[in-house]
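The next block is protein-v9.cif, given as mmCIF, C-alpha atoms and all ligand atoms.
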data_final
loop_
_atom_site.label_atom_id
_atom_site.label_comp_id
_atom_site.auth_asym_id
_atom_site.auth_seq_id
_atom_site.Cartn_x
_atom_site.Cartn_y
_atom_site.Cartn_z
CA MET A 1 106.20 81.16 107.69
CA LEU A 2 102.85 81.23 109.46
CA ILE A 3 99.53 80.68 107.72
CA PHE A 4 96.24 81.54 109.36
CA ASN A 5 92.83 80.61 108.00
CA LYS A 6 90.77 82.09 110.81
CA GLN A 7 90.63 85.75 111.77
CA THR A 8 90.33 84.89 115.48
CA ASP A 9 93.69 83.06 115.32
CA LEU A 10 95.36 85.82 113.33
CA LYS A 11 94.07 88.52 115.70
CA ALA A 12 95.30 86.54 118.73
CA TYR A 13 98.74 86.20 117.10
CA LEU A 14 98.97 89.90 116.19
CA ALA A 15 97.69 91.19 119.57
CA SER A 16 101.08 91.33 121.31
CA PHE A 17 102.72 93.02 118.29
CA LEU A 18 99.98 95.64 118.22
CA ALA A 19 100.29 96.15 121.97
CA SER A 20 104.01 96.86 121.59
CA ASN A 21 103.40 99.21 118.60
CA THR A 22 105.31 96.99 116.16
CA SER A 23 104.86 98.39 112.65
CA ILE A 24 102.79 95.98 110.58
CA GLY A 25 102.92 96.20 106.80
CA PHE A 26 99.95 94.68 104.99
CA VAL A 27 99.66 93.43 101.41
CA PRO A 28 96.09 92.43 100.52
CA THR A 29 95.79 90.18 97.45
CA MET A 30 93.47 87.74 95.74
CA GLY A 31 96.34 85.31 95.15
CA ALA A 32 97.71 84.00 91.83
CA LEU A 33 100.75 85.95 92.87
CA HIS A 34 103.14 87.47 90.36
CA GLU A 35 106.24 89.65 90.51
CA GLY A 36 104.09 92.75 91.08
CA HIS A 37 102.72 91.28 94.34
CA LEU A 38 106.19 90.13 95.39
CA SER A 39 107.53 93.66 94.88
CA LEU A 40 104.82 94.92 97.28
CA LEU A 41 105.99 92.34 99.81
CA ARG A 42 109.62 93.43 99.41
CA LYS A 43 108.74 97.09 99.92
CA SER A 44 106.64 96.20 102.95
CA LEU A 45 109.51 94.14 104.43
CA GLN A 46 111.87 97.11 104.01
CA GLU A 47 109.50 99.49 105.79
CA ASN A 48 108.00 97.37 108.61
CA LYS A 49 108.98 95.00 111.40
CA MET A 50 106.23 92.56 110.51
CA VAL A 51 104.46 91.80 107.20
CA VAL A 52 101.06 90.23 106.68
CA MET A 53 99.73 89.20 103.27
CA SER A 54 96.10 88.20 102.74
CA ILE A 55 95.11 85.83 99.97
CA PHE A 56 91.37 85.88 99.46
CA VAL A 57 89.26 85.86 96.29
CA ASN A 58 86.57 88.26 97.42
CA PRO A 59 83.18 87.23 95.94
CA THR A 60 81.43 90.57 96.51
CA GLN A 61 83.71 92.51 94.16
CA PHE A 62 82.89 90.32 91.14
CA ASN A 63 79.91 91.44 89.09
CA ASN A 64 80.32 88.50 86.74
CA THR A 65 79.97 84.93 88.04
CA GLU A 66 82.09 83.45 85.26
CA ASP A 67 84.95 85.83 86.16
CA LEU A 68 84.67 84.79 89.84
CA GLU A 69 84.57 81.06 89.01
CA LYS A 70 87.50 81.29 86.60
CA TYR A 71 89.64 83.54 88.79
CA PRO A 72 92.90 81.59 89.29
CA ARG A 73 93.28 79.98 92.74
CA THR A 74 96.84 78.77 93.26
CA LEU A 75 97.41 78.82 97.04
CA ASP A 76 100.21 76.21 97.14
CA ARG A 77 102.19 77.98 94.43
CA ASP A 78 101.49 81.34 96.09
CA ILE A 79 102.92 80.09 99.39
CA GLU A 80 106.11 78.93 97.63
CA LYS A 81 106.47 82.36 96.01
CA VAL A 82 106.03 84.12 99.35
CA ILE A 83 108.68 81.85 100.93
CA SER A 84 111.04 82.73 98.05
CA VAL A 85 110.82 86.36 99.23
CA SER A 86 111.07 85.69 102.98
CA ASN A 87 110.22 83.16 105.65
CA ASN A 88 109.04 85.96 107.90
CA ILE A 89 105.77 86.78 106.22
CA VAL A 90 102.45 85.94 107.85
CA ILE A 91 99.78 84.74 105.43
CA TYR A 92 96.08 85.12 106.10
CA ALA A 93 94.11 82.90 103.71
CA PRO A 94 90.55 82.85 105.05
CA SER A 95 87.47 81.05 103.81
CA VAL A 96 84.46 83.06 102.57
CA GLU A 97 82.66 82.15 105.84
CA ASP A 98 85.50 83.46 107.97
CA ILE A 99 85.13 86.89 106.35
CA TYR A 100 81.39 87.08 105.67
CA THR A 101 79.81 84.46 108.02
CA GLU A 102 76.50 83.65 106.26
CA ASN A 103 75.87 87.10 104.68
CA ILE A 104 77.92 87.34 101.52
CA ILE A 105 76.91 90.93 100.81
CA ALA A 106 78.76 94.19 100.36
CA GLN A 107 78.29 97.37 102.31
CA SER A 108 77.32 100.49 100.27
CA PHE A 109 79.92 103.24 100.06
CA HIS A 110 80.16 106.77 98.70
CA PHE A 111 83.60 107.65 97.52
CA ASP A 112 82.79 111.22 96.40
CA GLY A 113 82.13 110.14 92.81
CA LEU A 114 85.39 108.22 92.29
CA GLU A 115 83.30 105.04 92.23
CA HIS A 116 81.16 106.17 89.25
CA GLN A 117 84.01 106.37 86.73
CA MET A 118 85.53 103.66 84.55
CA GLU A 119 85.70 100.39 86.53
CA GLY A 120 82.74 101.51 88.66
CA LYS A 121 80.66 102.25 85.55
CA HIS A 122 81.49 98.96 83.85
CA ARG A 123 81.50 96.71 86.92
CA PRO A 124 78.44 97.73 88.96
CA GLY A 125 78.95 97.13 92.69
CA HIS A 126 82.64 96.35 92.25
CA PHE A 127 83.91 99.11 94.53
CA ASN A 128 81.34 98.34 97.23
CA GLY A 129 82.86 94.84 97.28
CA VAL A 130 86.41 96.19 97.34
CA GLY A 131 85.53 98.73 100.08
CA THR A 132 83.84 96.03 102.16
CA ILE A 133 86.72 93.56 102.07
CA VAL A 134 89.53 96.11 102.43
CA LYS A 135 87.82 97.80 105.41
CA ARG A 136 87.25 94.39 107.03
CA LEU A 137 90.85 93.30 106.44
CA PHE A 138 92.14 96.59 107.88
CA GLU A 139 90.01 95.98 110.99
CA ILE A 140 91.43 92.46 111.38
CA VAL A 141 95.11 93.21 110.70
CA GLN A 142 95.29 96.83 111.95
CA PRO A 143 98.37 97.58 109.85
CA SER A 144 100.53 100.70 110.02
CA LYS A 145 100.92 100.72 106.23
CA ALA A 146 99.13 98.91 103.39
CA TYR A 147 100.56 98.40 99.90
CA PHE A 148 98.63 98.47 96.60
CA GLY A 149 99.74 98.36 92.97
CA GLU A 150 99.13 101.33 90.68
CA LYS A 151 97.75 99.09 87.93
CA ASP A 152 94.45 99.37 89.80
CA PHE A 153 94.89 103.12 90.09
CA GLN A 154 91.17 103.81 90.57
CA GLN A 155 91.08 101.21 93.36
CA LEU A 156 94.13 102.88 94.95
CA GLN A 157 92.40 106.29 94.95
CA ILE A 158 89.22 104.74 96.35
CA ILE A 159 91.11 102.99 99.16
CA LYS A 160 92.80 106.30 100.05
CA LYS A 161 89.32 107.85 100.19
CA LEU A 162 88.03 104.96 102.35
CA VAL A 163 90.84 105.47 104.85
CA GLN A 164 90.23 109.22 104.91
CA LYS A 165 86.42 108.90 105.30
CA TYR A 166 86.53 106.27 108.04
CA LYS A 167 89.58 107.83 109.72
CA ILE A 168 91.45 104.52 109.63
CA PRO A 169 94.89 105.16 111.15
CA LEU A 170 97.23 103.80 108.48
CA LYS A 171 99.22 104.94 105.46
CA ILE A 172 98.33 103.72 101.98
CA VAL A 173 101.38 103.17 99.79
CA GLY A 174 100.93 103.05 96.00
CA CYS A 175 103.59 101.03 94.15
CA PRO A 176 104.62 101.08 90.46
CA ILE A 177 103.21 98.65 87.90
CA HIS A 178 105.33 95.60 87.09
CA ARG A 179 105.36 94.59 83.45
CA GLU A 180 106.22 91.53 81.38
CA LYS A 181 109.18 91.95 78.99
CA ASN A 182 106.76 92.89 76.21
CA GLY A 183 105.16 95.62 78.35
CA LEU A 184 101.98 93.76 79.35
CA ALA A 185 101.04 94.83 82.89
CA MET A 186 101.40 91.90 85.30
CA SER A 187 98.04 90.65 86.47
CA SER A 188 96.65 87.47 88.01
CA ARG A 189 94.27 87.30 85.04
CA ASN A 190 97.26 86.95 82.66
CA GLU A 191 97.41 83.32 83.85
CA ARG A 192 94.30 82.69 81.76
CA LEU A 193 95.89 83.98 78.54
CA SER A 194 97.41 81.58 76.00
CA ALA A 195 101.05 82.20 75.02
CA SER A 196 99.97 83.94 71.79
CA GLU A 197 97.34 86.05 73.56
CA ARG A 198 99.99 87.14 76.07
CA GLU A 199 102.25 88.22 73.19
CA GLU A 200 99.47 90.00 71.32
CA SER A 201 98.39 91.82 74.50
CA ALA A 202 101.61 93.84 74.29
CA LEU A 203 99.44 96.07 72.07
CA ILE A 204 97.71 97.46 75.18
CA PHE A 205 100.79 99.12 76.67
CA LYS A 206 102.17 100.02 73.24
CA THR A 207 98.94 101.91 72.54
CA LEU A 208 99.06 103.63 75.95
CA LYS A 209 102.61 104.79 75.24
CA ASN A 210 101.51 106.15 71.84
CA ALA A 211 98.55 107.85 73.54
CA LYS A 212 100.94 109.50 75.98
CA LYS A 213 103.06 110.84 73.11
CA MET A 214 99.99 112.16 71.27
CA PHE A 215 98.60 113.82 74.39
CA GLY A 216 101.51 116.29 74.21
CA THR A 217 99.97 117.92 71.12
CA LYS A 218 96.44 116.54 70.65
CA THR A 219 93.17 116.81 72.56
CA ALA A 220 91.91 114.03 74.83
CA ASN A 221 89.16 113.37 72.28
CA GLU A 222 91.64 112.97 69.42
CA VAL A 223 93.76 110.60 71.50
CA SER A 224 90.64 108.55 72.41
CA ASN A 225 89.67 108.26 68.73
CA PHE A 226 93.17 107.04 67.90
CA VAL A 227 92.95 104.35 70.60
CA LYS A 228 89.47 103.24 69.45
CA LYS A 229 90.69 102.90 65.84
CA THR A 230 93.78 100.97 66.92
CA PHE A 231 91.65 98.33 68.64
CA GLU A 232 89.08 98.25 65.80
CA ASN A 233 91.99 97.22 63.58
CA HIS A 234 92.76 94.32 65.92
CA PRO A 235 89.50 92.36 66.20
CA GLN A 236 90.97 89.82 68.65
CA PHE A 237 90.54 92.65 71.21
CA SER A 238 87.37 94.29 72.36
CA LEU A 239 87.92 97.73 73.89
CA GLU A 240 85.62 98.29 76.86
CA TYR A 241 86.79 101.80 77.65
CA PHE A 242 89.63 104.21 77.18
CA GLN A 243 89.50 107.33 79.32
CA ILE A 244 91.85 110.21 79.91
CA ALA A 245 91.05 111.48 83.38
CA ASP A 246 92.15 113.89 86.06
CA GLU A 247 94.34 111.82 88.39
CA THR A 248 92.68 113.17 91.54
CA THR A 249 88.97 113.30 90.67
CA LEU A 250 89.13 110.59 87.95
CA LYS A 251 86.68 112.74 85.93
CA PRO A 252 87.21 112.66 82.16
CA CYS A 253 89.46 115.33 80.69
CA ILE A 254 87.32 117.52 78.42
CA ARG A 255 89.79 120.37 78.00
CA LYS A 256 93.42 120.12 79.14
CA SER A 257 94.47 122.34 82.02
CA LYS A 258 98.14 123.04 82.70
CA ASN A 259 97.89 122.60 86.47
CA LYS A 260 96.26 119.18 86.41
CA LYS A 261 97.80 115.74 86.35
CA TYR A 262 96.24 113.40 83.82
CA ARG A 263 96.29 109.67 83.39
CA ALA A 264 94.97 107.33 80.68
CA PHE A 265 92.96 104.28 81.72
CA ILE A 266 92.05 101.32 79.56
CA ALA A 267 90.07 98.07 79.83
CA VAL A 268 90.24 95.52 77.04
CA PHE A 269 88.84 92.02 76.56
CA VAL A 270 91.05 89.37 74.99
CA ASN A 271 89.10 86.18 74.42
CA ASN A 272 86.70 87.10 77.28
CA ILE A 273 89.59 87.83 79.66
CA ARG A 274 89.45 91.37 80.95
CA LEU A 275 92.73 93.28 81.20
CA ILE A 276 93.24 96.80 82.53
CA ASP A 277 96.20 99.16 82.39
CA THR A 278 97.03 102.80 83.01
CA ILE A 279 99.72 105.35 82.26
CA SER A 280 100.53 108.75 83.68
CA LEU A 281 100.37 111.37 80.90
CA ASN A 282 102.11 114.44 82.28
O1 LIG B 1 93.55 94.34 94.05
C1 LIG B 1 93.13 93.26 94.52
O2 LIG B 1 93.73 92.20 94.38
C2 LIG B 1 91.83 93.26 95.28
O3 LIG B 1 90.92 94.15 94.74
C3 LIG B 1 91.99 93.49 96.78
C4 LIG B 1 92.54 94.88 97.07
C5 LIG B 1 92.92 92.45 97.38
C6 LIG B 1 90.64 93.37 97.50
O4 LIG B 1 90.08 92.12 97.31
#
Transcribe the structure of this file into structure tokens.
Amino acid sequence: MLIFNKQTDLKAYLASFLASNTSIGFVPTMGALHEGHLSLLRKSLQENKMVVMSIFVNPTQFNNTEDLEKYPRTLDRDIEKVISVSNNIVIYAPSVEDIYTENIIAQSFHFDGLEHQMEGKHRPGHFNGVGTIVKRLFEIVQPSKAYFGEKDFQQLQIIKKLVQKYKIPLKIVGCPIHREKNGLAMSSRNERLSASEREESALIFKTLKNAKKMFGTKTANEVSNFVKKTFENHPQFSLEYFQIADETTLKPCIRKSKNKKYRAFIAVFVNNIRLIDTISLN
């Protein structure tokens, strides 16, 4: 197990592997690792000769200082979890200075409108921060493949767009959502939930599954009204958005079309902790 804190050291280490065209799989994370992250590592180990995981809480993608301050930072535990998967994973855990030097600012991106929907609408600047860090990490690691969870489906689509726009030579691999036994999507933010909040948050996936069933016979608007009512009846939750969208453009579904793939997206606050989830509808 090798851990690098400085990009110069990591680049020096990776240079000979890149020179000999060794396939490098890359799993970027913000730490507080859970089974979802570990499944990305396992897939990356299966498909590549070498695997690099970054652990970095990226300040420019947080539009809320409290969320950034409270984001769980559990590096020692994360390292143990990575070792439990394999001893052959390289960790890059940089400081903010190593990534940004003294300018902690995000670059501005255009992702053909993907950035204006849902998360982009409710978290201004978020995807500029994500684009900035992911592009920088790709430049440092130069992976052959990079692995991202589908829970952040909008992020996944945006990263595919980033790679396409900047002609970055790598493959983006989307991986299925991992869930707790009660259906709650695994997320680093779940660490901040109390045991009872974790149990109650099963409602999010339960509602998505009901929405999926309804979408077979009802309009997107009717399904959205059902979801709004469900959360109004559970005041411990505050629904930020529920959107049924075209999977490719992420634009809201106004009228269903047979040839399109749709997906439901949701963001909910539980005691000020923001949880997101998504489900494919057809
Ligand atoms: O999904 C995440 O954990 C982050 O947005 C990412 C991709 C590691 C960039 O900071």
Discussion item. I'd like the neighbourhood of Glu35 in chain A as a list of chain:residue names, where a residue qualifies if any of its atoms comes within 9 Å (using only C-alpha atoms), though same-chain residues fewer than 3 positions away should be ignored.
Written reply: A:Leu38, A:Ser39, A:Leu40, A:His178, A:Arg179, A:Met186
Go ahead and save the residues from that selection, with C-alpha atoms, as a tab-separated table (two decimals), keeping the file's coordinate frame.
chain	number	residue	atom	x	y	z
A	38	LEU	CA	106.19	90.13	95.39
A	39	SER	CA	107.53	93.66	94.88
A	40	LEU	CA	104.82	94.92	97.28
A	178	HIS	CA	105.33	95.60	87.09
A	179	ARG	CA	105.36	94.59	83.45
A	186	MET	CA	101.40	91.90	85.30
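In this structure, atom O2 of ligand LIG 1 (chain B) sits 14.5 Å away from CA of Ile172 in chain A.
Among the candidates A:Leu203, A:Met30, A:Ala93, A:Leu184, the residue lying nearest to ligand LIG 1 (chain B) is A:Met30 (atoms considered: all atoms listed in the file).
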With the cut-off set at 8 Å and counting all atoms listed in the file, tabulate each residue of chain A with an atom at most that distance from an atom of ligand LIG 1 (chain B), showing the nearest atom pair and its distance in Å to one decimal, ordered by chain and increasing number, as a Markdown table.
| residue | atom | partner | partner_atom | distance |
| --- | --- | --- | --- | --- |
| A:Val27 | CA | B:LIG1 | C5 | 7.9 |
| A:Pro28 | CA | B:LIG1 | C5 | 4.5 |
| A:Thr29 | CA | B:LIG1 | C5 | 3.7 |
| A:Met30 | CA | B:LIG1 | O2 | 4.7 |
| A:Gly31 | CA | B:LIG1 | O2 | 7.4 |
| A:Ser54 | CA | B:LIG1 | C5 | 7.5 |
| A:Ile55 | CA | B:LIG1 | C5 | 7.4 |
| A:Phe56 | CA | B:LIG1 | O4 | 6.7 |
| A:Val57 | CA | B:LIG1 | O4 | 6.4 |
| A:Asn58 | CA | B:LIG1 | O4 | 5.2 |
| A:Gln61 | CA | B:LIG1 | O4 | 7.1 |
| A:Gly129 | CA | B:LIG1 | O4 | 7.7 |
| A:Val130 | CA | B:LIG1 | C6 | 5.1 |
| A:Gly131 | CA | B:LIG1 | C6 | 7.8 |
| A:Ile133 | CA | B:LIG1 | O4 | 6.0 |
| A:Val134 | CA | B:LIG1 | C6 | 5.7 |
| A:Phe148 | CA | B:LIG1 | O1 | 7.0 |
| A:Gly149 | CA | B:LIG1 | O1 | 7.5 |
| A:Asp152 | CA | B:LIG1 | O1 | 6.6 |
| A:Gln155 | CA | B:LIG1 | O3 | 7.2 |
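Checking A:Gly25, A:Gly36, A:Pro252, A:Lys121 one by one against Ser187 in chain A, counting only C-alpha atoms, you find the shortest gap at A:Gly36.
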Worksheet entry | From A:Ile3, A:Leu114, A:Ala202, A:Ala106, residue lying nearest Met53 in chain A [all atoms listed in the file] |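 Residue with the minimum atom-to-atom distance to Met53 in chain A: A:Ile3.
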Practice prompt. Return the single residue from A:Ser20, A:Ser238, A:Thr217, A:Ser84 that is closest to Ile204 in chain A, with distances computed using all atoms listed in the file.
Written response: A:Ser238
Discussion item. Taking all atoms listed in the file into account, name the residue in A:Arg123, A:Lys145, A:Lys228, A:Lys70 that is nearest to Leu45 in chain A.
Written reply: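 Of A:Arg123, A:Lys145, A:Lys228, A:Lys70, the one nearest Leu45 in chain A is A:Lys145, counting all atoms listed in the file.
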Worksheet item: A:Val51, A:Glu232, A:Val141, A:Gln154: which is nearest Ala12 in chain A, counting all atoms listed in the file?
Response: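 Under the stated criterion, the closest residue is A:Val141.
Coordinates place CA of Ala195 in chain A at a distance of 28.1 Å from CA of Met118 in chain A.
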Polymer residues at most 9 Å from Arg274 in chain A, all atoms listed in the file, same-chain spacing of 5 or more positions, as a PDB file with C-alpha atoms, in the coordinates of the input:
ATOM      1  CA  ASP A  67      84.950  85.830  86.160  1.00  0.00           C
ATOM      2  CA  ARG A 189      94.270  87.300  85.040  1.00  0.00           C
ATOM      3  CA  GLU A 240      85.620  98.290  76.860  1.00  0.00           C
ATOM      4  CA  ALA A 267      90.070  98.070  79.830  1.00  0.00           C
ATOM      5  CA  VAL A 268      90.240  95.520  77.040  1.00  0.00           C
ATOM      6  CA  PHE A 269      88.840  92.020  76.560  1.00  0.00           C
TER       7      PHE A 269
END
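The two atoms in question, CA of Lys213 in chain A and CA of Asn282 in chain A, are spaced 9.9 Å apart.
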Test item: residues at most 12 Å from range 96-98 of chain A, only C-alpha atoms, excluding those fewer than 5 positions along its chain, as a compact mmCIF listing (two decimals) with C-alpha atoms, in the coordinates of the input:
# COMPACT_ATOMS: atom_id res chain seq x y z
CA PHE A 4 96.24 81.54 109.36
CA ASN A 5 92.83 80.61 108.00
CA LYS A 6 90.77 82.09 110.81
CA GLN A 7 90.63 85.75 111.77
CA THR A 8 90.33 84.89 115.48
CA ASP A 9 93.69 83.06 115.32
CA LEU A 10 95.36 85.82 113.33
CA ILE A 55 95.11 85.83 99.97
CA PHE A 56 91.37 85.88 99.46
CA VAL A 57 89.26 85.86 96.29
CA ASN A 58 86.57 88.26 97.42
CA PRO A 59 83.18 87.23 95.94
CA THR A 60 81.43 90.57 96.51
CA ASN A 103 75.87 87.10 104.68
CA ILE A 104 77.92 87.34 101.52
CA ILE A 105 76.91 90.93 100.81
CA ILE A 133 86.72 93.56 102.07
CA ARG A 136 87.25 94.39 107.03
CA LEU A 137 90.85 93.30 106.44
CA ILE A 140 91.43 92.46 111.38
All residues 12 Å or closer to Thr230 in chain A, only C-alpha atoms, same chain fewer than 6 positions away omitted, as a tab-separated table (two decimals) with C-alpha atoms, keeping the file's coordinate frame:
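Resulting contents of part_22.tsv:
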chain	number	residue	atom	x	y	z
A	203	LEU	CA	99.44	96.07	72.07
A	204	ILE	CA	97.71	97.46	75.18
A	206	LYS	CA	102.17	100.02	73.24
A	207	THR	CA	98.94	101.91	72.54
A	208	LEU	CA	99.06	103.63	75.95
A	210	ASN	CA	101.51	106.15	71.84
A	211	ALA	CA	98.55	107.85	73.54
A	223	VAL	CA	93.76	110.60	71.50
A	224	SER	CA	90.64	108.55	72.41
A	236	GLN	CA	90.97	89.82	68.65
A	237	PHE	CA	90.54	92.65	71.21
A	238	SER	CA	87.37	94.29	72.36
A	239	LEU	CA	87.92	97.73	73.89
A	242	PHE	CA	89.63	104.21	77.18
